[in-house]
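Have a look at the structure below, then the notes.
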Amino acid sequence: MADPALFKKIYRIFSWVTLASLLLTIGLVLRKSPPPQIPNDPNAAARAEQKFEAADATRASGLPAQVQLDRNELNSYLAQNLQMQNPTAGTLPNSSSPAANPPRVNATPASDPTAGIGGSDQPTLDQVQSSVKDFKIDMDGDLVKAYVIFDFHGKDMSLELDGHLRAENGYMRFDPVSGMLGSLPLPQSTLNAAVERLMSSPENREKLRLPNDISDIQIVNGQAQVTYK
């Protein structure tokens with residue numbers, strides 16, 4: 001017959017291990033990972049606008065056009081054209097400015113860390129953006145690396161997502177390859193389910209529709225490459 005004292009001891013050990021694992025997980029989630037180091041370049045946004053204007057002129061002459069943005073230009077352009085909850089993270093441009101109505105990707109950062117992970121509801125991109133306080137984009141080879149600070153019940157938390165950006169049937173797609181919530185690595189299955197849930201609703205799908213004149217968006221050699229038809 002099994003010794004009751006042995007079972008009690010095993011149960012206590014199991015309880016302590018479970019508690020320690022839970023505390024470790026919470027600690028990793030709440031511990032923000034360091035953001036990518038993007039050098040500050042005050043002229044980057046202007047360079048991005050000039051590249052888009054040059055592409056428009058090239059297309060107007062009947063020639064194929066392509067725009068390539070480095071990480072400084074991409075971050076500056078996004079910060080100038082997307083409004084974050086935190087005014088220092090991005091400002092809404094004046095409606096009279098050419099940058100106020102960019103004829104580019106009609107999408108906000110598709111990275112709500114909590115709405116898409118482990119939940120049954122399908123968050124909208126507007127809900128995602130409302131919780132995002134800051135974001136940075138880095139690029140490495142053919143990978144886009146998104147770093148997001150978001151508000152979760154008054155607590156700032158971080159999410160990192162690495163993946164491939166591409167166009168599919170006129171829509172922008174993001175295929176995640178790795179991610180971290182705080183300092184906690186996320187399983188691939190969780191990432192796939194979260195991103196698919198976010199992009200599957202009709203409302204979100206329309207916001208991810210590419211302009212008719214854009215045929216592809218991808219990351220090539222550490223740069224964002226926009227190809228026009």
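Simple scheme: letters A, B, ... for chains in structure tokens order, numbers from 1 for residues in each chain, numbers from 1 for ligands in the order shown.
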(message) Residues within 12 Å of range 57-74 of chain A, please, as number ranges by chain. Count only C-alpha atoms; anything in the same chain fewer than 4 positions from it doesn't count.
(response) A: 36-53, 78-82, 104, 135-141, 143-146, 213-229
(message) My list of candidates is A:Leu210, A:Asp151, A:Asp142, A:Ala193. Which is closest to Arg173 in chain A when distances are computed with only C-alpha atoms?
(response)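 Of the candidates, the smallest distance to Arg173 in chain A is held by A:Leu210.
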(message) With DSSP run on the backbone, what are the strand (DSSP E or B) residues within range 172-228 of chain A? I'd like them as a VMD selection string.
(response) chain A and resid 172 to 181 184 to 185 209 214 to 220 223 to 228
(message) Using Å and a single decimal, report how far CA of Ser158 in chain A sits from CA of Val132 in chain A.
(response) 9.7 Å
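When CA of Asn204 in chain A is paired with CA of Met172 in chain A, their separation reads 10.8 Å.
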(message) With only C-alpha atoms as the counted atoms, please give the residues lying no more than 8 Å from Pro176 in chain A, apart from itself and same-chain residues fewer than 5 positions off, as a list in words.
(response) Leu161, Asp162, Gly163, His164, Gln188, Leu191, Asn192 and Val195 of chain A
